[in-house]
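The structure appears below as C-alpha cells.
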Amino acid sequence: MRIVHEWLSELVDTPQDVDLVAREISLRGFEVASVEDGVIDFEITANRPDCLNHAGIAREAAVIWNRVVRPTALSDAPAGEAIPVTIEAVDLCPRYSAQLFDVRLGPSPSWLAARLEAAGVRPINNIVDVTNYVMLEMGQPMHAFDWARLAGGQLVIRRARPGEKMRTLDGAERTLDSDMLVIADAEKPVAVGGVMGGQDSEISTATRRIVLESAYFHPASIRRSSKKLGLKTEASTRFERGGDIAAPVAALRRAAALLEKIGAGTPGAVVDVYPAPRSTIELTLRSRRISRILGIDVPAADVPRILEPLGFSLRAAASDSWLVTVPSFRVDVTREIDLIEEVGRHHGYDKLPVTFPALSSPQPAPDPRINTDETIRRVMTAAGASESMTFAFIERQAAMPFCPPGTEPAAIANPLSEKFAVLRPSILPGLVESCSHNRRRGRKDVALFEIGSRFTAEGERRAVGIAWCGAGNQTHWSATPRPLDFFDLKGVVELLCAALGIPAPEFGNDDSSFLVRGRAARIAAGRASIGVVGQLTPSMAEQRGFPAGEELYVAEIDLDAVAGQAAQQEVRAETLPKYPAIVRDLSILVGEALPAAAVRGTIRSSAPPTLASIIEFDRYQGQGVPEGRVSLSLRLTFRSLERTLTDDEVEAAMAAIVIALETAHGAERR
C-alpha cells in the first residue's frame, strides 16, 4: 500500500521527516518496502485490511505521536426518490448502498490527479478518480454506473445464473456461475459484485447521471469469484480480506463532498439496504492478562491511550479490566488476545523482557518421534542415501496404484490444480518422481529416503519411504560396479529395522500391484505387517519418467506399526563375550518356494540357547540340484557366556537342527 506522506499529514499531524515516519510505523508491525519521493510503500499483511488506506495508517500514526485524526469533509444527501435496490442474495451481500448524482465528466484537478499518481493509480476522469480517491483514503471500494444504461432504472443484487455471460471493463467476455454475485439491472448483469464492473453500464463522456455503488460483500464470495474469473483488482483485494460493513454510507458522503468540491457532480438521494444490521463486538480486557502475556506491567493509563486512537471504545468494567467495543473495520480483532497484541505493538516490542517466564510445571518430555526420525536419518545417510522432501498433495493417477484394493485416495476439496488433487496414500510416488528427475539429468546412482505422513481411509500414519537405483556397491577403481538388486535394499531395510528396535524382521511373499512378482517382499515383525520392499514395476517406473530398461527398487515402512512392535521388544544389556565362538556351516536342499524365514525359525526352535546367530551366505539352483529344489547354505555361530563349548556339544546341536529341518521341511543335508 503506497501512502503519500502529504496526504497522511492532512489526516493527522506527523513529523516532516518521511524516513522517520516510515521507521516508526514499521516498528508497529508494518514492513516498509520502499520510501521514495515522499511516498512510503508498506507491505500490509492479509489480516489488516483496515490499513489498506490512508485513514488506517493515520490511526496508527495518531497513537505513535499522540495526535488526533482529523475528520474528513462529508456531505449530507438531499431527500428525494432513490434508485430501487433489491438484495436477493443477502448471504453474499449483507449491505448495499447507492446514490444518484448529476455529473459533468471531465479531467480531475491537478491536486487530485497528483495524489492518485503518487499512490500508484492512473487518473481517468473526475468521476472514476473520486471513487479511487475515496478507496485509497477510507478503504471502501466504489463503482459508478451510467444510470441511463440501466434497464428498468433499478439494481438487483443476486447470484449469477448458470452460464450467464457479461463483458467486463477490461473487454473480456466472462462466463459466470451460480456461486458468483452480480449486480444486475432489470434484464442483465452489469457488474461482478466486488470485482469489476461491466461495459454495458460504463460511464462515458455522454453520461449525465450516475449511480454510485458502495456496498459490503462477503469476503469468501469475492475471493472465490476473483479466483474463478482470474481477475485481481484493487476492489477485490480489499473486499476478499474483509471490508467495513459500516463504511458504505460514509463513503458515499465522502464521495459526494469531493464531487461537489471539484464541481463534478450534484448529489441526489441515497438508498441503504441493510436487512440484518450486525451488532458490535464487545470484549473484556484484563490488566493482569496483559501482564501475563507480555511479561511486563503496562501502566493502566496507557491502555486507553493506545486503543482509543485505533478506533476502540473503552469503559471500565472493574478495577483492573475494561469492556472494549471493537470497531467494525477491525475484522481481525475477535478475542482478548487480539487486544493484547495491539497493546504490545504500540507499547513497544523493545520493552518486552528477553528472559523466559518462570515455569510452574516441569517441561514435557520430547516427542519420541523426534528421536526416531533422527535415528532414521543417521542410518540412511550412513547407508549412502539423501533425504528428500516431497509434496503430500499428488495427482490422483499417481496415487491410485498405491491405494489399498477397493479404496480411493483422499481428495482435496479445493485443490490448487489437478497435480495436487489428492493426499498421498504412500510416500513412494513422490520419491519415484524425484528419482526420475535426477536420472533424466544424468545422475546414474540415486538413493533417496523421506520421512512423512501418508493418508488413507483409516487416517494419517507416519512412514519412511526409500527409492534406490543405479550401482549396488561402492564404485572403486579396482572394483567392477554391479547393478543394484533386491538384496541390497533388503539389507538396508534390515539395518533400519534393527536401529528402530526390530532386530529380526521377517520377509514374506507380497502381491502389491506396484511391485514385480518374485522381487518383492512384505516386511513383518511378529504377526504385524510393517512395510514392503521390492522392485517397482517397469511400466509404472516409465510412466513416472524413469528410463526404460533400468531397475528402480523401493521400500516403505510404517513407523507407527514399528513403534508398537518395538515397544514389545525386550531390551537387554549384556557383557561382551569372554569365550570363543564355534562356527559351523550347513548346506541343505529345500523346496524353492520355502521362505528362508521358515528355515531360520525351525533352526532356532530346535537349537540350544548357545546358538548366537544364523546367516545365509549362499543360495544355488541349477546343475546338480533337483528341479524344484534349492541349495541353501547357512552359517551358524555357537557361543556360551559361561564357558568354552566343546565340539561334541556343537555337533549334538547340529544333529538336532538337521533332524528338525528334515521333519519340518523335508530338507536334505548336502
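Each chain in the C-alpha cells gets a letter, A, B and so on, in the order shown; residues start at 1 in every chain, and ligands are counted from 1 in the order they appear.
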Mind listing the strand (DSSP E or B) residues of segment 138-247 of chain A, per DSSP on the backbone, as an NGL selection string?
:A and (143-146 or 155-159 or 165-168 or 173-175 or 181-184 or 189-192 or 196-198 or 209-216)
May I have all residues of segment 96-236 of chain A that DSSP, computed from the backbone, assigns to helix (DSSP H, G or I), given as a PyMOL selection string?
chain A and resi 110-118+126-138+147-149+151-153+199-201+219-229+234-236
Limited to N, CA and C atoms, could you put the picked residues into a file as a short mmCIF file (atom, residue, chain, number, x, y, z; two decimals), in the first residue's frame?
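Result file is part_34.cif:
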data_model
loop_
_atom_site.label_atom_id
_atom_site.label_comp_id
_atom_site.auth_asym_id
_atom_site.auth_seq_id
_atom_site.Cartn_x
_atom_site.Cartn_y
_atom_site.Cartn_z
N SER A 110 -5.59 19.11 -10.73
CA SER A 110 -4.21 18.63 -10.66
C SER A 110 -3.87 18.02 -9.31
N TRP A 111 -4.39 18.61 -8.20
CA TRP A 111 -4.04 18.08 -6.88
C TRP A 111 -4.56 16.66 -6.68
N LEU A 112 -5.77 16.41 -7.20
CA LEU A 112 -6.36 15.09 -7.03
C LEU A 112 -5.62 14.08 -7.91
N ALA A 113 -5.37 14.46 -9.17
CA ALA A 113 -4.65 13.57 -10.08
C ALA A 113 -3.25 13.27 -9.56
N ALA A 114 -2.59 14.28 -8.99
CA ALA A 114 -1.22 14.09 -8.49
C ALA A 114 -1.20 13.11 -7.33
N ARG A 115 -2.18 13.18 -6.45
CA ARG A 115 -2.22 12.26 -5.32
C ARG A 115 -2.47 10.82 -5.79
N LEU A 116 -3.37 10.67 -6.76
CA LEU A 116 -3.63 9.33 -7.28
C LEU A 116 -2.37 8.75 -7.92
N GLU A 117 -1.68 9.55 -8.72
CA GLU A 117 -0.46 9.07 -9.38
C GLU A 117 0.61 8.71 -8.35
N ALA A 118 0.73 9.52 -7.32
CA ALA A 118 1.72 9.22 -6.27
C ALA A 118 1.38 7.91 -5.57
N ASN A 126 -12.86 12.66 -13.74
CA ASN A 126 -13.16 13.14 -12.39
C ASN A 126 -14.06 12.21 -11.59
N ILE A 127 -14.97 11.48 -12.25
CA ILE A 127 -15.89 10.59 -11.52
C ILE A 127 -15.14 9.36 -11.02
N VAL A 128 -14.46 8.68 -11.93
CA VAL A 128 -13.71 7.48 -11.54
C VAL A 128 -12.60 7.84 -10.55
N ASP A 129 -11.97 9.00 -10.76
CA ASP A 129 -10.89 9.40 -9.87
C ASP A 129 -11.38 9.63 -8.45
N VAL A 130 -12.58 10.17 -8.29
CA VAL A 130 -13.13 10.37 -6.95
C VAL A 130 -13.39 9.03 -6.26
N THR A 131 -13.91 8.05 -7.01
CA THR A 131 -14.14 6.73 -6.39
C THR A 131 -12.82 6.11 -5.95
N ASN A 132 -11.77 6.25 -6.78
CA ASN A 132 -10.46 5.72 -6.39
C ASN A 132 -9.88 6.49 -5.21
N TYR A 133 -10.11 7.79 -5.17
CA TYR A 133 -9.60 8.62 -4.09
C TYR A 133 -10.22 8.17 -2.76
N VAL A 134 -11.53 7.94 -2.76
CA VAL A 134 -12.21 7.50 -1.54
C VAL A 134 -11.70 6.13 -1.11
N MET A 135 -11.46 5.25 -2.07
CA MET A 135 -10.94 3.92 -1.74
C MET A 135 -9.56 4.02 -1.09
N LEU A 136 -8.69 4.86 -1.64
CA LEU A 136 -7.35 5.00 -1.08
C LEU A 136 -7.35 5.75 0.24
N GLU A 137 -8.34 6.59 0.46
CA GLU A 137 -8.40 7.36 1.69
C GLU A 137 -9.11 6.60 2.80
N MET A 138 -10.26 5.99 2.48
CA MET A 138 -11.09 5.34 3.50
C MET A 138 -11.05 3.82 3.44
N TRP A 147 -26.54 5.74 -15.22
CA TRP A 147 -27.95 5.50 -14.88
C TRP A 147 -28.79 5.27 -16.13
N ALA A 148 -28.49 5.97 -17.20
CA ALA A 148 -29.28 5.85 -18.42
C ALA A 148 -29.14 4.48 -19.07
N ARG A 149 -28.09 3.73 -18.75
CA ARG A 149 -27.86 2.43 -19.38
C ARG A 149 -28.31 1.27 -18.49
N ALA A 151 -31.24 -0.91 -17.42
CA ALA A 151 -32.60 -1.27 -17.85
C ALA A 151 -33.53 -1.27 -16.65
N GLY A 152 -34.65 -0.59 -16.80
CA GLY A 152 -35.63 -0.55 -15.73
C GLY A 152 -35.28 0.42 -14.62
N GLY A 153 -34.13 1.10 -14.71
CA GLY A 153 -33.73 2.06 -13.69
C GLY A 153 -33.68 1.48 -12.30
N GLN A 199 -19.08 -3.47 -19.17
CA GLN A 199 -19.04 -2.45 -20.21
C GLN A 199 -20.42 -1.89 -20.52
N ASP A 200 -21.47 -2.70 -20.30
CA ASP A 200 -22.82 -2.26 -20.65
C ASP A 200 -23.28 -1.07 -19.83
N SER A 201 -22.70 -0.85 -18.66
CA SER A 201 -23.11 0.26 -17.80
C SER A 201 -21.97 1.24 -17.55
N PRO A 219 -16.53 -11.77 2.17
CA PRO A 219 -15.15 -11.96 1.69
C PRO A 219 -14.93 -13.24 0.90
N ALA A 220 -15.46 -14.36 1.39
CA ALA A 220 -15.22 -15.64 0.71
C ALA A 220 -15.82 -15.64 -0.68
N SER A 221 -16.96 -15.00 -0.85
CA SER A 221 -17.60 -14.93 -2.17
C SER A 221 -16.74 -14.17 -3.16
N ILE A 222 -16.18 -13.05 -2.72
CA ILE A 222 -15.33 -12.25 -3.61
C ILE A 222 -14.05 -13.00 -3.95
N ARG A 223 -13.47 -13.65 -2.97
CA ARG A 223 -12.24 -14.41 -3.20
C ARG A 223 -12.48 -15.54 -4.20
N ARG A 224 -13.63 -16.21 -4.05
CA ARG A 224 -13.96 -17.32 -4.95
C ARG A 224 -14.20 -16.83 -6.37
N SER A 225 -14.96 -15.76 -6.51
CA SER A 225 -15.25 -15.22 -7.84
C SER A 225 -13.99 -14.69 -8.51
N SER A 226 -13.15 -13.99 -7.76
CA SER A 226 -11.92 -13.43 -8.31
C SER A 226 -11.02 -14.54 -8.83
N LYS A 227 -10.93 -15.65 -8.08
CA LYS A 227 -10.07 -16.75 -8.49
C LYS A 227 -10.63 -17.45 -9.73
N LYS A 228 -11.94 -17.69 -9.76
CA LYS A 228 -12.53 -18.38 -10.90
C LYS A 228 -12.41 -17.57 -12.18
N LEU A 229 -12.57 -16.26 -12.07
CA LEU A 229 -12.52 -15.41 -13.25
C LEU A 229 -11.10 -14.98 -13.62
N GLU A 234 -8.09 -3.89 -7.42
CA GLU A 234 -7.93 -3.19 -6.14
C GLU A 234 -9.15 -3.42 -5.25
N ALA A 235 -10.33 -3.45 -5.87
CA ALA A 235 -11.55 -3.67 -5.10
C ALA A 235 -11.59 -5.08 -4.52
N SER A 236 -11.33 -6.09 -5.36
CA SER A 236 -11.40 -7.47 -4.87
C SER A 236 -10.36 -7.73 -3.78
#
Exercise: Ser34 of chain A partners within 10 Å, only C-alpha atoms, chain neighbours under 3 positions left out, as a VMD selection string
chain A and resid 2 19 22 31 39 to 43
Can you spit out the residues from that selection as a compact mmCIF listing (two decimals), in the first residue's frame, using N, CA and C atoms?
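That gives us out-v2.txt:
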# COMPACT_ATOMS: atom_id res chain seq x y z
N ARG A 2 0.75 2.08 -1.05
CA ARG A 2 1.55 3.29 -1.16
C ARG A 2 0.85 4.43 -0.41
N ASP A 19 11.38 9.51 6.28
CA ASP A 19 12.08 8.30 6.71
C ASP A 19 11.77 7.97 8.18
N ALA A 22 8.29 6.45 8.31
CA ALA A 22 8.32 5.07 7.83
C ALA A 22 8.92 4.14 8.89
N GLU A 31 5.79 -3.71 7.53
CA GLU A 31 7.07 -3.72 6.81
C GLU A 31 7.08 -2.65 5.73
N VAL A 39 6.70 9.16 -0.69
CA VAL A 39 5.72 8.06 -0.70
C VAL A 39 6.33 6.86 0.01
N ILE A 40 5.59 6.32 0.98
CA ILE A 40 6.04 5.14 1.73
C ILE A 40 5.22 3.94 1.26
N ASP A 41 5.90 2.91 0.81
CA ASP A 41 5.22 1.70 0.34
C ASP A 41 5.27 0.67 1.46
N PHE A 42 4.11 0.44 2.09
CA PHE A 42 4.02 -0.52 3.18
C PHE A 42 3.55 -1.88 2.65
N GLU A 43 4.09 -2.94 3.25
CA GLU A 43 3.60 -4.30 2.98
C GLU A 43 2.55 -4.61 4.04
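Restricting the calculation to only C-alpha atoms, the smallest distance between Ala566 of chain A and any of A:Ile614, A:Ala421, A:Ala301, A:Ala504 is found for A:Ala504.
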Please measure the separation of atom CA of Ile582 of chain A and atom CA of Ala498 of chain A, giving the value in Å to one decimal.
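Calculated distance between atom CA of Ile582 of chain A and atom CA of Ala498 of chain A is 24.4 Å.
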Which is closer to Thr280 of chain A than all the others in A:Gly622, A:Pro162, A:Pro609, A:Pro327, using only C-alpha atoms?
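Of A:Gly622, A:Pro162, A:Pro609, A:Pro327, the one nearest Thr280 of chain A, counting only C-alpha atoms, is A:Pro327.
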Could you give me, as a PyMOL selection string, the residues within 8 Å of Pro275 of chain A, counting only C-alpha atoms and dropping anything in the same chain fewer than 6 positions from it?
chain A and resi 90+94-95
Selected residues written out with C-alpha atoms, as a short mmCIF file (atom, residue, chain, number, x, y, z; two decimals), in the first residue's frame:
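Contents of again-v9.cif, freshly written:
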data_model
loop_
_atom_site.label_atom_id
_atom_site.label_comp_id
_atom_site.auth_asym_id
_atom_site.auth_seq_id
_atom_site.Cartn_x
_atom_site.Cartn_y
_atom_site.Cartn_z
CA VAL A 90 -28.32 -11.39 1.45
CA PRO A 94 -25.46 -8.09 3.66
CA ARG A 95 -25.47 -4.35 2.87
#
List as a PyMOL selection string the protein and nucleic acid residues near Arg441 of chain A, meaning an atom at most 12 Å away when only C-alpha atoms are counted, but skip any in the same chain fewer than 4 places from it.
chain A and resi 434-437+445-446+545-547
Restricting the output to C-alpha atoms, write the selected residues as a PDB file, in the first residue's frame.
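And here is the file that came out, part12.pdb:
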ATOM      1  CA  SER A 434      12.397 -37.406  -7.562  1.00  0.00           C
ATOM      2  CA  CYS A 435      14.475 -40.397  -8.703  1.00  0.00           C
ATOM      3  CA  SER A 436      13.182 -39.968 -12.249  1.00  0.00           C
ATOM      4  CA  HIS A 437      14.000 -36.250 -12.152  1.00  0.00           C
ATOM      5  CA  ASP A 445      23.198 -43.609  -8.868  1.00  0.00           C
ATOM      6  CA  VAL A 446      20.288 -42.172  -6.869  1.00  0.00           C
ATOM      7  CA  GLY A 545       9.614 -40.673 -16.413  1.00  0.00           C
ATOM      8  CA  PHE A 546      12.171 -43.303 -15.348  1.00  0.00           C
ATOM      9  CA  PRO A 547      14.439 -44.520 -18.215  1.00  0.00           C
TER      10      PRO A 547
END
All residues 10 Å or closer to segment 644-646 of chain A, only C-alpha atoms, same chain fewer than 6 positions away omitted, as a list in words:
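After dropping sequence-adjacent residues, the list is Lys578, Tyr579, Pro580, Ala581, Ile582, Thr610 and Phe638 of chain A.
With only C-alpha atoms taken into account, the protein and nucleic acid residues at most 8 Å from Arg104 of chain A (excluding it and anything under 4 positions from it in its own chain) are A:Thr207, A:Arg208, A:Gly263, A:Ala264, A:Gly265.
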Selection above as a file: all heavy atoms, as a short mmCIF file (atom, residue, chain, number, x, y, z; two decimals), in the first residue's frame:
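Output file again_28.cif is given in full below:
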data_model
loop_
_atom_site.label_atom_id
_atom_site.label_comp_id
_atom_site.auth_asym_id
_atom_site.auth_seq_id
_atom_site.Cartn_x
_atom_site.Cartn_y
_atom_site.Cartn_z
N THR A 207 -22.33 10.62 -20.41
CA THR A 207 -23.04 10.35 -19.17
C THR A 207 -23.41 11.65 -18.46
O THR A 207 -22.58 12.54 -18.30
CB THR A 207 -22.18 9.48 -18.23
OG1 THR A 207 -21.87 8.24 -18.89
CG2 THR A 207 -22.91 9.19 -16.93
N ARG A 208 -24.67 11.72 -18.02
CA ARG A 208 -25.14 12.91 -17.30
C ARG A 208 -25.62 12.57 -15.89
O ARG A 208 -25.71 13.45 -15.04
CB ARG A 208 -26.29 13.57 -18.08
CG ARG A 208 -25.85 14.14 -19.42
CD ARG A 208 -24.86 15.30 -19.20
NE ARG A 208 -24.35 15.83 -20.46
CZ ARG A 208 -23.21 15.46 -21.02
NH1 ARG A 208 -22.46 14.54 -20.42
NH2 ARG A 208 -22.80 15.97 -22.16
N GLY A 263 -16.55 20.38 -8.40
CA GLY A 263 -17.55 20.79 -9.38
C GLY A 263 -17.90 19.72 -10.39
O GLY A 263 -18.26 20.03 -11.53
N ALA A 264 -17.81 18.46 -9.99
CA ALA A 264 -18.07 17.37 -10.93
C ALA A 264 -19.46 16.79 -10.80
O ALA A 264 -19.91 16.06 -11.70
CB ALA A 264 -17.05 16.25 -10.73
N GLY A 265 -20.17 17.07 -9.71
CA GLY A 265 -21.47 16.44 -9.58
C GLY A 265 -22.30 17.02 -8.45
O GLY A 265 -21.78 17.65 -7.52
#
Interatomic distance (Å, one decimal) between atom CA of Pro368 of chain A and atom CA of Asp560 of chain A
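Atom CA of Asp560 of chain A lies 11.4 Å from atom CA of Pro368 of chain A.
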If you count only C-alpha atoms, the residue of A:Leu594, A:Leu105, A:Leu27, A:Thr237 closest to Met1 of chain A turns out to be A:Thr237
Using only C-alpha atoms for the distances, tell me which of A:Arg369, A:Phe455, A:Ile376, A:Glu6 is nearest to Thr407 of chain A.
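Closest to Thr407 of chain A of all the choices is A:Phe455.
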Given the choices A:Met380, A:Ala548, A:Pro409, A:Phe356, which gets closest to Leu489 of chain A if the distance is worked out from only C-alpha atoms?
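Closest to Leu489 of chain A, using only C-alpha atoms: A:Met380.
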Could you check the closest approach to Arg544 of chain A for each of A:Ala596, A:Ile293, A:Ala399, A:Leu285 and tell me which residue wins, using only C-alpha atoms?
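Closest candidate: A:Ala399.
Atom CA of Thr456 of chain A is positioned 14.9 Å from atom CA of Gly531 of chain A.
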